[in-house]
>>> print(open('coords-v8.txt').read())   # compact mmCIF, C-alpha atoms and all ligand atoms
# COMPACT_ATOMS: atom_id res chain seq x y z
CA MET A 1 -22.24 0.68 11.94
CA SER A 2 -25.02 -1.87 11.83
CA MET A 3 -26.63 -3.00 15.09
CA ASP A 4 -27.65 -6.33 13.54
CA ASP A 5 -25.94 -9.14 15.51
CA SER A 6 -25.24 -11.05 12.29
CA SER A 7 -23.37 -8.12 10.74
CA PRO A 8 -19.74 -7.34 11.44
CA ARG A 9 -19.31 -4.65 14.09
CA CYS A 10 -16.30 -3.28 12.27
CA ARG A 11 -15.71 -3.30 8.52
CA LEU A 12 -12.15 -2.86 7.33
CA LEU A 13 -11.15 -2.08 3.77
CA LEU A 14 -7.66 -3.25 2.84
CA ILE A 15 -5.86 -1.41 0.02
CA CYS A 16 -2.53 -2.49 -1.43
CA GLY A 17 -0.20 -0.01 -3.13
CA SER A 18 1.47 -2.63 -5.33
CA LEU A 19 0.16 -4.02 -8.61
CA ARG A 20 2.76 -6.80 -8.68
CA SER A 21 1.18 -10.24 -8.98
CA GLY A 22 3.41 -11.70 -6.26
CA SER A 23 3.24 -8.61 -4.07
CA THR A 24 4.47 -9.04 -0.51
CA ASN A 25 2.23 -6.14 0.49
CA THR A 26 -0.79 -7.99 -0.87
CA ALA A 27 0.43 -10.99 1.13
CA LEU A 28 0.48 -8.84 4.27
CA LEU A 29 -3.12 -7.79 3.66
CA LYS A 30 -4.27 -11.31 2.80
CA THR A 31 -2.66 -12.40 6.05
CA ALA A 32 -4.55 -9.63 7.86
CA GLN A 33 -7.77 -11.11 6.44
CA THR A 34 -6.96 -14.39 8.17
CA LEU A 35 -6.29 -12.66 11.49
CA VAL A 36 -9.33 -10.43 11.96
CA PRO A 37 -11.14 -11.14 15.23
CA PRO A 38 -14.81 -12.19 15.39
CA GLY A 39 -17.18 -9.38 14.51
CA VAL A 40 -14.68 -7.77 12.13
CA SER A 41 -14.75 -8.08 8.34
CA ALA A 42 -11.82 -7.27 6.06
CA THR A 43 -12.36 -6.72 2.34
CA LEU A 44 -9.38 -6.56 -0.02
CA TYR A 45 -9.74 -3.83 -2.65
CA ARG A 46 -8.74 -5.19 -6.05
CA GLY A 47 -9.45 -2.23 -8.33
CA LEU A 48 -6.16 -0.33 -8.31
CA ASP A 49 -5.35 -1.37 -11.87
CA ASP A 50 -8.77 -0.17 -13.11
CA LEU A 51 -8.49 3.42 -11.94
CA PRO A 52 -7.95 6.02 -14.67
CA HIS A 53 -5.40 8.78 -14.25
CA PHE A 54 -6.76 11.37 -11.86
CA ASN A 55 -8.28 14.34 -13.67
CA PRO A 56 -10.20 16.98 -11.70
CA ASP A 57 -12.44 17.54 -14.73
CA ASP A 58 -13.87 14.05 -14.24
CA GLU A 59 -15.03 14.94 -10.71
CA GLN A 60 -17.71 17.26 -12.07
CA SER A 61 -20.00 15.36 -14.41
CA ARG A 62 -18.49 12.07 -15.49
CA LEU A 63 -17.06 10.25 -12.52
CA PRO A 64 -15.44 7.06 -13.84
CA ALA A 65 -17.17 3.86 -12.72
CA ALA A 66 -14.00 2.50 -11.13
CA VAL A 67 -13.72 5.64 -9.00
CA ALA A 68 -17.37 5.43 -7.97
CA THR A 69 -16.74 1.84 -6.89
CA LEU A 70 -13.68 2.85 -4.89
CA ARG A 71 -15.57 5.64 -3.15
CA ALA A 72 -18.52 3.37 -2.38
CA MET A 73 -16.17 0.84 -0.81
CA LEU A 74 -14.52 3.58 1.24
CA ALA A 75 -17.90 4.90 2.37
CA ALA A 76 -18.94 1.41 3.48
CA ALA A 77 -15.76 0.89 5.51
CA ASP A 78 -15.37 1.86 9.15
CA ALA A 79 -11.58 1.99 8.76
CA VAL A 80 -8.97 1.52 6.05
CA LEU A 81 -5.67 -0.36 6.23
CA PHE A 82 -3.11 0.37 3.51
CA SER A 83 -0.03 -1.68 2.73
CA THR A 84 2.42 -0.29 0.25
CA PRO A 85 5.98 -0.68 -0.92
CA GLU A 86 8.32 2.25 -1.41
CA TYR A 87 9.23 3.20 -4.97
CA ALA A 88 12.11 5.63 -5.55
CA GLY A 89 11.87 7.00 -2.03
CA SER A 90 8.13 7.63 -2.21
CA LEU A 91 4.80 5.95 -3.00
CA PRO A 92 4.18 3.93 -6.18
CA GLY A 93 2.61 6.28 -8.73
CA SER A 94 -0.46 4.13 -9.26
CA PHE A 95 -1.15 4.16 -5.53
CA LYS A 96 -0.68 7.94 -5.31
CA ASN A 97 -3.16 8.15 -8.17
CA LEU A 98 -5.71 6.24 -6.04
CA LEU A 99 -5.08 8.61 -3.14
CA ASP A 100 -5.59 11.61 -5.43
CA TRP A 101 -9.06 10.28 -6.24
CA THR A 102 -9.84 10.39 -2.48
CA VAL A 103 -8.88 14.03 -1.93
CA GLY A 104 -12.40 15.33 -2.49
CA ASP A 105 -14.32 12.33 -1.24
CA GLY A 106 -13.44 9.16 0.59
CA LEU A 107 -11.11 9.40 3.56
CA TYR A 108 -12.19 12.47 5.52
CA ALA A 109 -12.22 11.57 9.26
CA LYS A 110 -11.87 7.87 8.36
CA PRO A 111 -9.66 5.89 10.76
CA VAL A 112 -6.64 4.71 8.77
CA GLY A 113 -3.48 2.76 9.36
CA TRP A 114 -0.72 1.48 7.13
CA ILE A 115 1.90 -1.15 6.79
CA ASN A 116 4.94 -0.34 4.71
CA GLY A 117 6.36 -3.65 3.62
CA SER A 118 9.75 -3.38 1.98
CA ALA A 119 12.25 -6.01 1.01
CA HIS A 120 15.26 -3.71 0.87
CA GLY A 121 15.05 -0.84 3.28
CA ALA A 122 13.20 1.02 5.97
CA ALA A 123 10.73 2.53 3.49
CA ASP A 124 10.96 5.85 5.33
CA GLY A 125 9.99 7.76 2.19
CA ALA A 126 6.78 5.79 1.65
CA HIS A 127 5.92 6.04 5.34
CA HIS A 128 6.48 9.80 5.35
CA THR A 129 4.63 10.46 2.08
CA LEU A 130 1.62 8.43 3.15
CA ARG A 131 1.45 10.42 6.38
CA VAL A 132 1.56 13.70 4.43
CA VAL A 133 -1.16 12.66 1.98
CA LEU A 134 -3.49 11.11 4.56
CA GLY A 135 -3.00 14.16 6.78
CA TYR A 136 -3.90 16.38 3.84
CA VAL A 137 -7.19 14.55 3.25
CA SER A 138 -7.93 14.78 7.00
CA ALA A 139 -8.04 11.05 7.58
CA ASP A 140 -7.97 9.95 11.22
CA ILE A 141 -4.45 8.51 11.40
CA VAL A 142 -4.30 5.78 14.05
CA GLU A 143 -0.67 5.97 15.15
CA ASP A 144 -0.50 2.46 16.61
CA ALA A 145 -1.75 1.12 13.27
CA CYS A 146 1.12 2.66 11.24
CA VAL A 147 4.12 0.36 11.05
CA LYS A 148 7.03 -0.62 8.86
CA ILE A 149 7.56 -4.33 8.36
CA PRO A 150 10.75 -5.46 6.61
CA ILE A 151 9.74 -8.47 4.59
CA ARG A 152 11.50 -11.01 2.38
CA ARG A 153 9.68 -12.40 -0.62
CA ASP A 154 10.47 -15.99 0.35
CA ILE A 155 8.50 -15.64 3.56
CA VAL A 156 5.19 -15.73 1.69
CA GLY A 157 3.65 -19.19 1.70
CA PRO A 158 2.19 -21.00 -1.31
CA ASN A 159 -1.32 -19.80 -0.45
CA GLY A 160 -0.18 -16.18 -0.53
CA THR A 161 -0.19 -15.56 3.20
CA ILE A 162 2.49 -15.29 5.88
CA THR A 163 2.72 -17.36 9.05
CA ASP A 164 5.95 -15.92 10.51
CA PRO A 165 4.96 -15.07 14.10
CA SER A 166 6.87 -11.78 14.21
CA ILE A 167 4.87 -10.58 11.23
CA THR A 168 1.49 -11.94 12.30
CA SER A 169 1.92 -10.37 15.73
CA ALA A 170 2.72 -7.00 14.13
CA ILE A 171 -0.37 -7.29 11.91
CA ASN A 172 -2.49 -8.30 14.91
CA ALA A 173 -1.36 -5.16 16.75
CA VAL A 174 -2.30 -3.01 13.73
CA LEU A 175 -5.74 -4.63 13.45
CA SER A 176 -6.31 -4.26 17.17
CA ALA A 177 -5.47 -0.54 17.07
CA LEU A 178 -7.81 0.10 14.14
CA VAL A 179 -10.71 -1.84 15.65
CA HIS A 180 -10.21 -0.14 18.99
CA ARG A 181 -10.41 3.29 17.33
CA VAL A 182 -13.59 2.35 15.48
CA ASN A 183 -15.21 0.95 18.60
CA SER A 184 -14.23 3.92 20.73
CA ARG A 185 -15.79 6.29 18.21
CA SER A 186 -19.09 4.40 18.10
CA THR A 187 -19.73 4.33 21.86
C1 LIG B 201 10.71 0.84 -9.39
C2 LIG B 201 11.06 0.38 -8.00
C3 LIG B 201 11.57 1.30 -7.08
C4 LIG B 201 11.89 0.90 -5.78
N1 LIG B 201 12.33 1.82 -4.88
C5 LIG B 201 12.55 1.46 -3.59
C6 LIG B 201 12.93 2.42 -2.62
O1 LIG B 201 13.06 3.60 -2.88
N2 LIG B 201 13.11 1.99 -1.34
C7 LIG B 201 12.93 0.68 -0.97
O2 LIG B 201 13.09 0.34 0.20
N3 LIG B 201 12.58 -0.26 -1.88
C8 LIG B 201 12.38 0.10 -3.18
N4 LIG B 201 11.99 -0.83 -4.09
C9 LIG B 201 11.80 -2.19 -3.66
C10 LIG B 201 10.35 -2.48 -3.31
O3 LIG B 201 9.85 -1.55 -2.37
C11 LIG B 201 10.28 -3.88 -2.73
O4 LIG B 201 10.68 -4.80 -3.71
C12 LIG B 201 8.91 -4.21 -2.22
O5 LIG B 201 9.00 -5.36 -1.44
C13 LIG B 201 7.94 -4.45 -3.36
O6 LIG B 201 6.66 -4.62 -2.80
P1 LIG B 201 5.64 -5.68 -3.40
O7 LIG B 201 6.27 -7.02 -3.17
O8 LIG B 201 4.41 -5.50 -2.57
O9 LIG B 201 5.43 -5.38 -4.83
C14 LIG B 201 11.70 -0.46 -5.40
C15 LIG B 201 11.20 -1.37 -6.34
C16 LIG B 201 10.87 -0.96 -7.62
C17 LIG B 201 10.29 -1.96 -8.60
>>> encode(input="coords-v8.txt", output="structure tokens", more="lines below")
Ligand SMILES: Cc1cc2nc3c(=O)[nH]c(=O)nc-3n(C[C@H](O)[C@H](O)[C@H](O)COP(=O)(O)O)c2cc1C
Amino acid sequence: MSMDDSSPRCRLLLICGSLRSGSTNTALLKTAQTLVPPGVSATLYRGLDDLPHFNPDDEQSRLPAAVATLRAMLAAADAVLFSTPEYAGSLPGSFKNLLDWTVGDGLYAKPVGWINGSAHGAADGAHHTLRVVLGYVSADIVEDACVKIPIRRDIVGPNGTITDPSITSAINAVLSALVHRVNSRST
């Protein structure tokens, strides 16, 4: 982390598992951007739709530009917060594709948390699968930053964020846990 007083002391990268234009999970992450405390930056990754299908051959000599961008953003982040819906009892395929691109490079020892926002159920499958994958890549899973938030689509405001206090307090707790882990590692 930078020691420059003008730089954020903690840089979070926010990654949404949904490509849907009106995604409630994107709304959760946009809301998180409004809630970060002073000294913390939160950048929303917007490249999910640009990633090619994972192919190990491409790791060797022709890494796709979109993957290089993703990995650079991961390398620049002190911690990563994911928010994803559940699809068919698991993760959306396009999001799993992103995670496959991180297996060799990107999330090792990185503090991570996740929010599983689901309109219909507990999203246990998405929660479980994300834990398996992030454990496999040896990310540093911050338990207090891993939550399920049932969410209705009509709770998202016209500016794409959420003001419901039960949701903002849950997001605040997630952010606090991630920042605490980053700060405790850097002292
Ligand atoms: C193809 C598909 C499969 C889904 N499967 C599940 C599921 O297994 N469990 C669940 O709780 N919700 C399921 N849902 C509902 C989504 O998780 C829910 O609508 C979620 O809020 C969408 O997130 P988003 O608003 O960020 O796109 C599914 C939705 C779609 C489109």
>>> atom_distance(input="coords-v8.txt", atom1="atom CA of A:Ser83", atom2="atom CA of A:Phe54")
20.7 Å
>>> residues_near_ligand(input="coords-v8.txt", ligand="ligand LIG 201 (chain B)", cutoff="8 Å", atoms="all atoms listed in the file", output="PyMOL selection string")
chain A and resi 16-27+83-90+92+117-126+151-153
>>> axis_aligned_box(input="coords-v8.txt", around="stretch 52-69 of chain A", padding_each_side="5 Å", output="lines of an AutoDock Vina configuration file")
center_x = -12.7
center_y = 9.7
center_z = -11.2
size_x = 24.6
size_y = 25.7
size_z = 18.6
>>> closest_residue(input="coords-v8.txt", among="A:Ser61, A:Asn55, A:Thr129, A:Gln33", to="A:Leu175", atoms="only C-alpha atoms")
A:Gln33
>>> closest_atom_pairs(input="coords-v8.txt", of="stretch 16-48 of chain A", to="stretch 176-187 of chain A", cutoff="9 Å", atoms="only C-alpha atoms", output="JSON lines")
{"residue": "A:Val36", "atom": "CA", "partner": "A:Ser176", "partner_atom": "CA", "distance": 8.6}
{"residue": "A:Pro37", "atom": "CA", "partner": "A:Ser176", "partner_atom": "CA", "distance": 8.6}
{"residue": "A:Val40", "atom": "CA", "partner": "A:Val179", "partner_atom": "CA", "distance": 8.0}
>>> write_last_selection(input="coords-v8.txt", atoms="C-alpha atoms", output="compact mmCIF listing (two decimals), in the frame of the given file")
# COMPACT_ATOMS: atom_id res chain seq x y z
CA VAL A 36 -9.33 -10.43 11.96
CA PRO A 37 -11.14 -11.14 15.23
CA VAL A 40 -14.68 -7.77 12.13
>>> closest_residue(input="coords-v8.txt", among="A:Ala42, A:Ala32, A:Asp49, A:Ala173", to="A:Gly93", atoms="all atoms listed in the file")
A:Asp49
>>> atom_distance(input="coords-v8.txt", atom1="atom CA of A:Ala77", atom2="atom CA of A:Gly157")
28.2 Å
>>> residues_near_point(input="coords-v8.txt", point="(6.0, -10.4, 15.0)", cutoff="12 Å", atoms="only C-alpha atoms", output="ChimeraX atom specification")
/A:147-151,162-174
>>> write_last_selection(input="coords-v8.txt", atoms="C-alpha atoms", output="PDB file, in the coordinates of the input")
ATOM      1  CA  VAL A 147       4.120   0.360  11.050  1.00  0.00           C
ATOM      2  CA  LYS A 148       7.030  -0.620   8.860  1.00  0.00           C
ATOM      3  CA  ILE A 149       7.560  -4.330   8.360  1.00  0.00           C
ATOM      4  CA  PRO A 150      10.750  -5.460   6.610  1.00  0.00           C
ATOM      5  CA  ILE A 151       9.740  -8.470   4.590  1.00  0.00           C
ATOM      6  CA  ILE A 162       2.490 -15.290   5.880  1.00  0.00           C
ATOM      7  CA  THR A 163       2.720 -17.360   9.050  1.00  0.00           C
ATOM      8  CA  ASP A 164       5.950 -15.920  10.510  1.00  0.00           C
ATOM      9  CA  PRO A 165       4.960 -15.070  14.100  1.00  0.00           C
ATOM     10  CA  SER A 166       6.870 -11.780  14.210  1.00  0.00           C
ATOM     11  CA  ILE A 167       4.870 -10.580  11.230  1.00  0.00           C
ATOM     12  CA  THR A 168       1.490 -11.940  12.300  1.00  0.00           C
ATOM     13  CA  SER A 169       1.920 -10.370  15.730  1.00  0.00           C
ATOM     14  CA  ALA A 170       2.720  -7.000  14.130  1.00  0.00           C
ATOM     15  CA  ILE A 171      -0.370  -7.290  11.910  1.00  0.00           C
ATOM     16  CA  ASN A 172      -2.490  -8.300  14.910  1.00  0.00           C
ATOM     17  CA  ALA A 173      -1.360  -5.160  16.750  1.00  0.00           C
ATOM     18  CA  VAL A 174      -2.300  -3.010  13.730  1.00  0.00           C
TER      19      VAL A 174
END
>>> residues_around(input="coords-v8.txt", residues="A:Ala68", least_positions_apart="6", cutoff="12 Å", atoms="only C-alpha atoms", output="MDAnalysis selection string")
chainID A and resid 47 50:52 58:59 62 74:75 98 101:102 105:106
>>> residues_around(input="coords-v8.txt", residues="A:Leu12", least_positions_apart="5", cutoff="7 Å", atoms="all atoms listed in the file", output="ChimeraX atom specification")
/A:41-43,77-80
>>> atom_distance(input="coords-v8.txt", atom1="atom CA of A:Val103", atom2="atom CA of A:Val137")
5.5 Å
>>> closest_residue(input="coords-v8.txt", among="A:Gly160, A:Pro64, A:Gly135, A:Pro111", to="A:Lys30", atoms="only C-alpha atoms")
A:Gly160
>>> closest_residue(input="coords-v8.txt", among="A:Cys10, A:Ala109, A:Ala139, A:Cys146", to="A:Ala76", atoms="all atoms listed in the file")
A:Cys10
>>> closest_residue(input="coords-v8.txt", among="A:Leu63, A:Leu91, A:Leu44, A:Leu130", to="A:Leu13", atoms="only C-alpha atoms")
A:Leu44
>>> closest_residue(input="coords-v8.txt", among="A:Leu107, A:Leu99, A:Val132, A:Val156", to="A:Ala72", atoms="only C-alpha atoms")
A:Leu107
>>> build_atoms(input="coords-v8.txt", residues="stretch 175-186 of chain A", atoms="all heavy atoms", output="PDB file, in the frame of the given file")
ATOM      1  N   LEU A 175      -4.291  -4.384  13.504  1.00  0.00           N
ATOM      2  CA  LEU A 175      -5.740  -4.630  13.450  1.00  0.00           C
ATOM      3  C   LEU A 175      -6.407  -4.218  14.762  1.00  0.00           C
ATOM      4  O   LEU A 175      -7.461  -3.576  14.772  1.00  0.00           O
ATOM      5  CB  LEU A 175      -6.012  -6.107  13.171  1.00  0.00           C
ATOM      6  CG  LEU A 175      -5.615  -6.619  11.783  1.00  0.00           C
ATOM      7  CD1 LEU A 175      -5.745  -8.137  11.713  1.00  0.00           C
ATOM      8  CD2 LEU A 175      -6.473  -5.960  10.695  1.00  0.00           C
ATOM      9  N   SER A 176      -5.755  -4.574  15.858  1.00  0.00           N
ATOM     10  CA  SER A 176      -6.310  -4.260  17.170  1.00  0.00           C
ATOM     11  C   SER A 176      -6.446  -2.746  17.352  1.00  0.00           C
ATOM     12  O   SER A 176      -7.464  -2.256  17.856  1.00  0.00           O
ATOM     13  CB  SER A 176      -5.397  -4.885  18.231  1.00  0.00           C
ATOM     14  OG  SER A 176      -5.797  -4.496  19.495  1.00  0.00           O
ATOM     15  N   ALA A 177      -5.430  -2.012  16.921  1.00  0.00           N
ATOM     16  CA  ALA A 177      -5.470  -0.540  17.070  1.00  0.00           C
ATOM     17  C   ALA A 177      -6.590   0.064  16.223  1.00  0.00           C
ATOM     18  O   ALA A 177      -7.308   0.969  16.678  1.00  0.00           O
ATOM     19  CB  ALA A 177      -4.113   0.046  16.677  1.00  0.00           C
ATOM     20  N   LEU A 178      -6.756  -0.435  15.014  1.00  0.00           N
ATOM     21  CA  LEU A 178      -7.810   0.100  14.140  1.00  0.00           C
ATOM     22  C   LEU A 178      -9.201  -0.199  14.710  1.00  0.00           C
ATOM     23  O   LEU A 178     -10.072   0.675  14.764  1.00  0.00           O
ATOM     24  CB  LEU A 178      -7.694  -0.508  12.741  1.00  0.00           C
ATOM     25  CG  LEU A 178      -6.700   0.137  11.779  1.00  0.00           C
ATOM     26  CD1 LEU A 178      -6.687  -0.633  10.471  1.00  0.00           C
ATOM     27  CD2 LEU A 178      -7.017   1.606  11.530  1.00  0.00           C
ATOM     28  N   VAL A 179      -9.401  -1.449  15.119  1.00  0.00           N
ATOM     29  CA  VAL A 179     -10.710  -1.840  15.650  1.00  0.00           C
ATOM     30  C   VAL A 179     -11.018  -1.069  16.932  1.00  0.00           C
ATOM     31  O   VAL A 179     -12.146  -0.606  17.148  1.00  0.00           O
ATOM     32  CB  VAL A 179     -10.764  -3.375  15.881  1.00  0.00           C
ATOM     33  CG1 VAL A 179     -12.039  -3.772  16.610  1.00  0.00           C
ATOM     34  CG2 VAL A 179     -10.649  -4.116  14.551  1.00  0.00           C
ATOM     35  N   HIS A 180     -10.006  -0.892  17.746  1.00  0.00           N
ATOM     36  CA  HIS A 180     -10.210  -0.140  18.990  1.00  0.00           C
ATOM     37  C   HIS A 180     -10.643   1.288  18.681  1.00  0.00           C
ATOM     38  O   HIS A 180     -11.555   1.833  19.322  1.00  0.00           O
ATOM     39  CB  HIS A 180      -8.913  -0.142  19.811  1.00  0.00           C
ATOM     40  CG  HIS A 180      -9.050   0.575  21.120  1.00  0.00           C
ATOM     41  ND1 HIS A 180      -8.668   1.898  21.278  1.00  0.00           N
ATOM     42  CD2 HIS A 180      -9.549   0.191  22.313  1.00  0.00           C
ATOM     43  CE1 HIS A 180      -8.919   2.281  22.519  1.00  0.00           C
ATOM     44  NE2 HIS A 180      -9.455   1.268  23.162  1.00  0.00           N
ATOM     45  N   ARG A 181     -10.027   1.913  17.672  1.00  0.00           N
ATOM     46  CA  ARG A 181     -10.410   3.290  17.330  1.00  0.00           C
ATOM     47  C   ARG A 181     -11.860   3.336  16.835  1.00  0.00           C
ATOM     48  O   ARG A 181     -12.628   4.223  17.217  1.00  0.00           O
ATOM     49  CB  ARG A 181      -9.484   3.850  16.258  1.00  0.00           C
ATOM     50  CG  ARG A 181      -9.857   5.259  15.765  1.00  0.00           C
ATOM     51  CD  ARG A 181      -9.772   6.318  16.870  1.00  0.00           C
ATOM     52  NE  ARG A 181      -8.443   6.412  17.415  1.00  0.00           N
ATOM     53  CZ  ARG A 181      -7.477   7.207  16.936  1.00  0.00           C
ATOM     54  NH1 ARG A 181      -7.738   8.000  15.937  1.00  0.00           N
ATOM     55  NH2 ARG A 181      -6.283   7.205  17.474  1.00  0.00           N
ATOM     56  N   VAL A 182     -12.219   2.375  15.999  1.00  0.00           N
ATOM     57  CA  VAL A 182     -13.590   2.350  15.480  1.00  0.00           C
ATOM     58  C   VAL A 182     -14.583   2.168  16.624  1.00  0.00           C
ATOM     59  O   VAL A 182     -15.591   2.889  16.723  1.00  0.00           O
ATOM     60  CB  VAL A 182     -13.761   1.226  14.432  1.00  0.00           C
ATOM     61  CG1 VAL A 182     -15.228   1.034  14.070  1.00  0.00           C
ATOM     62  CG2 VAL A 182     -12.938   1.539  13.182  1.00  0.00           C
ATOM     63  N   ASN A 183     -14.290   1.219  17.501  1.00  0.00           N
ATOM     64  CA  ASN A 183     -15.210   0.950  18.600  1.00  0.00           C
ATOM     65  C   ASN A 183     -15.308   2.128  19.562  1.00  0.00           C
ATOM     66  O   ASN A 183     -16.380   2.432  20.082  1.00  0.00           O
ATOM     67  CB  ASN A 183     -14.789  -0.319  19.358  1.00  0.00           C
ATOM     68  CG  ASN A 183     -15.031  -1.576  18.530  1.00  0.00           C
ATOM     69  OD1 ASN A 183     -15.829  -1.555  17.588  1.00  0.00           O
ATOM     70  ND2 ASN A 183     -14.346  -2.649  18.865  1.00  0.00           N
ATOM     71  N   SER A 184     -14.187   2.796  19.794  1.00  0.00           N
ATOM     72  CA  SER A 184     -14.230   3.920  20.730  1.00  0.00           C
ATOM     73  C   SER A 184     -14.974   5.102  20.149  1.00  0.00           C
ATOM     74  O   SER A 184     -15.530   5.928  20.875  1.00  0.00           O
ATOM     75  CB  SER A 184     -12.809   4.317  21.148  1.00  0.00           C
ATOM     76  OG  SER A 184     -12.103   4.796  20.031  1.00  0.00           O
ATOM     77  N   ARG A 185     -15.036   5.193  18.832  1.00  0.00           N
ATOM     78  CA  ARG A 185     -15.790   6.290  18.210  1.00  0.00           C
ATOM     79  C   ARG A 185     -17.282   6.019  18.196  1.00  0.00           C
ATOM     80  O   ARG A 185     -18.074   6.945  18.072  1.00  0.00           O
ATOM     81  CB  ARG A 185     -15.309   6.501  16.764  1.00  0.00           C
ATOM     82  CG  ARG A 185     -13.979   7.234  16.715  1.00  0.00           C
ATOM     83  CD  ARG A 185     -13.304   7.058  15.376  1.00  0.00           C
ATOM     84  NE  ARG A 185     -14.161   7.389  14.261  1.00  0.00           N
ATOM     85  CZ  ARG A 185     -13.855   8.267  13.294  1.00  0.00           C
ATOM     86  NH1 ARG A 185     -12.717   8.910  13.340  1.00  0.00           N
ATOM     87  NH2 ARG A 185     -14.655   8.490  12.313  1.00  0.00           N
ATOM     88  N   SER A 186     -17.673   4.731  18.254  1.00  0.00           N
ATOM     89  CA  SER A 186     -19.090   4.400  18.100  1.00  0.00           C
ATOM     90  C   SER A 186     -19.796   4.234  19.438  1.00  0.00           C
ATOM     91  O   SER A 186     -20.962   3.880  19.471  1.00  0.00           O
ATOM     92  CB  SER A 186     -19.243   3.115  17.291  1.00  0.00           C
ATOM     93  OG  SER A 186     -18.621   2.047  17.962  1.00  0.00           O
TER      94      SER A 186
END
